[in-house]
There are 2 protein chains.
Amino acid sequence: MKEETPLVYVVDDDPSIRKALERLLGSAGYDAKTFASALEFMDFDHPDVPGCLVLDIKMPELSGLELQDRLTEKGIFIPIIFITGHGTVPDSVRAMKAGAMDFLQKPFKDSELLGVVSRAIARHGRLRQKKRQMNTLRARLDTLTPREREVFRLVVRGMLNKQVAYDLGITEKTIKVHRAQVMQKMGAQSLADLVRLAEKLGVRSSTV
Amino acid sequence: MKEETPLVYVVDDDPSIRKALERLLGSAGYDAKTFASALEFMDFDHPDVPGCLVLDIKMPELSGLELQDRLTEKGIFIPIIFITGHGTVPDSVRAMKAGAMDFLQKPFKDSELLGVVSRAIARHGRLRQKKRQMNTLRARLDTLTPREREVFRLVVRGMLNKQVAYDLGITEKTIKVHRAQVMQKMGAQSLADLVRLAEKLGVRSSTV
DNA sequence: TTCCCCATTGGACCAAAGTCCAATATATTT
DNA sequence: AAATATATTGGACTTTGGTCCAATGGGGAA
């Protein structure tokens, strides 16, 4: 299909580091985009391609850890690799707890960084894939009418049409209509499919 | 139901630390059991209660990190809180990557440790709960005959009895028999249930 | 060899789900 | 006021799924 060149962002206030990493990443076949500060990175409009973020911890204004938090709040889930000259244990623990891919201390070997970058990009690919799936699923869920949503919820809970009808105080006939609509709109080929979609969407269903 | 007192294991080669932690944990309402070495801890037969492990990094023979690896290999998933006097960044990163709850440097505040311990125990409770569920599920799956397993797999994929029959080269009638057996043995009240069980068990079903 | 498990199938039904076509009633929007 | 989306129901079937009772044949285990 579409062969997208992964894009690696580098955020570091040291120009020499930026230049060195840009060269290293370029030679490894990646596109690289560098930023001198976290704010600069935040302002940038990120293209929708697989990639990762190589981030210095200590920077003026917004630190790397703070940037990590901001991105998390914004729902941006690009894998982060921290690099640092004199990182502390608490910093590294905080970064890892917040989901960082790795936390490297300078100086590190080129191969070491490239290995992590490669894994980070692979992970980002999987995350993007899953996110796309969720987006289309939620879009479909949004097309359901309130009534259809109720029927959806009760059906995937395992209730018979008859029981759903009783629950909602309407006829079984009507349930069948809604149910057919739900299957149609959600793009489910079978009840089994529908149940799996419900699980992914977190539709409260399981009585277990 | 059964109110079990959480059990906190402390592994540290420094007797004064062991004694101090034992007192602290005891005053917080936990049972505490101390060990002077990783090997000593491994030899101990762990009772089945919620708890966590407070582990020193640097110890003779087997280090804390090595113990962590051993436990992972053995499928023992008790949350680990590392404590260390002079821990390094690489050590903390390795520990966190391997799933540690936290990595504290001495000296730390009592309240800090107790907070982490509390969260660790809560997590362990959830993990134990999930593991028990999986055990009963797998036990049920084990009672299925080979043929029943095949029918299980195809049914939760969303195939009609008719299609399953064609696939296996037998009659639809026979499928119904197996299918009923599967529902019975797996303890599923509905097809929706069965699909969810299959997902948890990782029964390859989704065509997506 | 006899007993039990597994796999298979038939017959006879009943229950549940799905499908077309059609119709009515509200509420909201244009 | 006309158009649209939502919710509801009926009738008339067809297809699927589920259940009971009964029976056959092969392969191990006692």
# chains A, B, ... in the order shown; residues from 1 in each chain; ligands from 1
>>> closest_atom_pairs(of="chain B", to="chain D", cutoff="10 Å", atoms="only C-alpha atoms (C1' of nucleotides)", output="CSV")
residue,atom,partner,partner_atom,distance
B:Leu160,CA,D:DT16,C1',8.0
B:Asn161,CA,D:DT16,C1',8.1
B:Lys162,CA,D:DT16,C1',8.9
B:Lys176,CA,D:DG18,C1',7.7
B:Val177,CA,D:DG18,C1',9.3
B:Arg179,CA,D:DG18,C1',9.7
B:Ala180,CA,D:DG18,C1',8.0
>>> write_last_selection(atoms="all heavy atoms", output="compact mmCIF listing (two decimals), in the first residue's frame")
# COMPACT_ATOMS: atom_id res chain seq x y z
N LEU B 160 -23.07 -19.42 10.62
CA LEU B 160 -24.35 -20.11 10.87
C LEU B 160 -24.06 -21.60 11.07
O LEU B 160 -23.06 -22.11 10.58
CB LEU B 160 -25.29 -19.94 9.68
CG LEU B 160 -25.68 -18.51 9.30
CD1 LEU B 160 -26.57 -18.52 8.08
CD2 LEU B 160 -26.37 -17.84 10.47
N ASN B 161 -24.96 -22.26 11.77
CA ASN B 161 -24.80 -23.71 11.98
C ASN B 161 -24.58 -24.40 10.63
O ASN B 161 -23.75 -25.29 10.50
CB ASN B 161 -26.05 -24.29 12.65
CG ASN B 161 -26.11 -23.92 14.11
OD1 ASN B 161 -25.11 -23.48 14.69
ND2 ASN B 161 -27.28 -24.05 14.71
N LYS B 162 -25.36 -23.96 9.69
CA LYS B 162 -25.29 -24.52 8.34
C LYS B 162 -23.89 -24.40 7.75
O LYS B 162 -23.34 -25.35 7.20
CB LYS B 162 -26.28 -23.75 7.46
CG LYS B 162 -26.27 -24.12 6.01
CD LYS B 162 -27.08 -23.13 5.19
CE LYS B 162 -28.54 -23.11 5.65
NZ LYS B 162 -29.38 -22.34 4.71
N LYS B 176 -25.58 -28.69 16.00
CA LYS B 176 -26.46 -28.25 17.09
C LYS B 176 -26.13 -28.97 18.38
O LYS B 176 -26.14 -28.37 19.46
CB LYS B 176 -27.92 -28.51 16.71
CG LYS B 176 -28.43 -27.62 15.60
CD LYS B 176 -29.95 -27.82 15.43
CE LYS B 176 -30.48 -26.93 14.31
NZ LYS B 176 -31.94 -27.08 14.14
N VAL B 177 -25.84 -30.25 18.26
CA VAL B 177 -25.50 -31.03 19.44
C VAL B 177 -24.22 -30.50 20.09
O VAL B 177 -24.18 -30.22 21.29
CB VAL B 177 -25.31 -32.52 19.09
CG1 VAL B 177 -24.82 -33.30 20.30
CG2 VAL B 177 -26.60 -33.10 18.56
N ARG B 179 -22.83 -27.62 19.66
CA ARG B 179 -23.02 -26.24 20.08
C ARG B 179 -23.67 -26.17 21.45
O ARG B 179 -23.27 -25.40 22.32
CB ARG B 179 -23.89 -25.52 19.05
CG ARG B 179 -24.10 -24.06 19.33
CD ARG B 179 -24.72 -23.36 18.13
NE ARG B 179 -24.99 -21.96 18.40
CZ ARG B 179 -25.11 -21.04 17.46
NH1 ARG B 179 -25.01 -21.38 16.19
NH2 ARG B 179 -25.34 -19.79 17.78
N ALA B 180 -24.68 -27.00 21.63
CA ALA B 180 -25.36 -27.04 22.94
C ALA B 180 -24.38 -27.47 24.02
O ALA B 180 -24.38 -26.93 25.13
CB ALA B 180 -26.54 -27.99 22.87
>>> select_by_dssp(residues="range 32-198 of chain A", states="strand (DSSP E or B)", output="JSON, numbers by chain")
{"A": [32, 33, 34, 35, 51, 52, 53, 54, 55, 56, 80, 81, 82, 83, 84, 102, 103, 104, 105]}
>>> residues_around(residues="Met183 in chain A", least_positions_apart="6", cutoff="10 Å", atoms="only C-alpha atoms (C1' of nucleotides)", output="PyMOL selection string")
chain A and resi 148+152+189-191+193-194
>>> closest_atom_pairs(of="chain A", to="chain B", cutoff="6 Å", atoms="only C-alpha atoms", output="Markdown table")
| residue | atom | partner | partner_atom | distance |
| --- | --- | --- | --- | --- |
| A:Val89 | CA | B:Val89 | CA | 5.0 |
| A:Val156 | CA | B:Ala192 | CA | 5.8 |
| A:Gly158 | CA | B:Ala192 | CA | 5.0 |
| A:Ser190 | CA | B:Gly158 | CA | 5.4 |
| A:Ala192 | CA | B:Gly158 | CA | 5.0 |
>>> interface_residues(of="chain C", to="chain A", cutoff="10 Å", atoms="only C-alpha atoms (C1' of nucleotides)", output="list of chain:residue names")
C:DA16, C:DA17, C:DG18, C:DT19
>>> write_last_selection(atoms="N, CA and C atoms (P, O5', C5', C4', C3', O3' and C1' of nucleotides)", output="CSV table (one decimal), in the first residue's frame")
chain,number,residue,atom,x,y,z
C,16,DA,P,-38.8,-18.0,22.8
C,16,DA,O5',-37.8,-17.6,21.6
C,16,DA,C5',-36.6,-18.3,21.4
C,16,DA,C4',-35.7,-17.6,20.3
C,16,DA,C3',-35.8,-16.1,20.2
C,16,DA,O3',-34.5,-15.6,20.1
C,16,DA,C1',-36.5,-17.1,18.2
C,17,DA,P,-34.3,-14.0,19.8
C,17,DA,O5',-34.1,-14.0,18.3
C,17,DA,C5',-33.2,-14.9,17.7
C,17,DA,C4',-33.1,-14.6,16.2
C,17,DA,C3',-33.0,-13.1,15.8
C,17,DA,O3',-32.0,-12.9,14.9
C,17,DA,C1',-34.7,-14.2,14.6
C,18,DG,P,-31.7,-11.5,14.2
C,18,DG,O5',-32.4,-11.7,12.8
C,18,DG,C5',-32.0,-12.7,12.0
C,18,DG,C4',-32.7,-12.6,10.6
C,18,DG,C3',-32.7,-11.2,10.1
C,18,DG,O3',-32.4,-11.2,8.7
C,18,DG,C1',-34.9,-12.1,10.2
C,19,DT,P,-32.4,-9.9,7.9
C,19,DT,O5',-33.7,-10.0,6.9
C,19,DT,C5',-34.2,-11.2,6.6
C,19,DT,C4',-35.3,-11.0,5.5
C,19,DT,C3',-35.3,-9.6,4.9
C,19,DT,O3',-35.7,-9.7,3.6
C,19,DT,C1',-37.4,-10.1,6.0
>>> residues_around(residues="range 129-146 of chain B", least_positions_apart="2", cutoff="12 Å", atoms="only C-alpha atoms (C1' of nucleotides)", output="JSON, numbers by chain")
{"A": [208], "B": [48, 49, 50, 75, 76, 77, 78, 122, 123, 124, 125, 126, 127, 148, 149, 150, 151, 152, 153, 178, 179, 180, 181, 182, 183, 184, 185, 186, 187, 188, 194, 196, 197, 198, 199, 200, 201, 202, 203], "C": [5, 6, 7]}
>>> residues_around(residues="DT9 in chain C", least_positions_apart="5", cutoff="10 Å", atoms="only C-alpha atoms (C1' of nucleotides)", output="ChimeraX atom specification")
/B:170-174 /D:23-24
>>> atom_distance(atom1="CA of Asp12 in chain B", atom2="CA of Arg70 in chain B")
16.8 Å
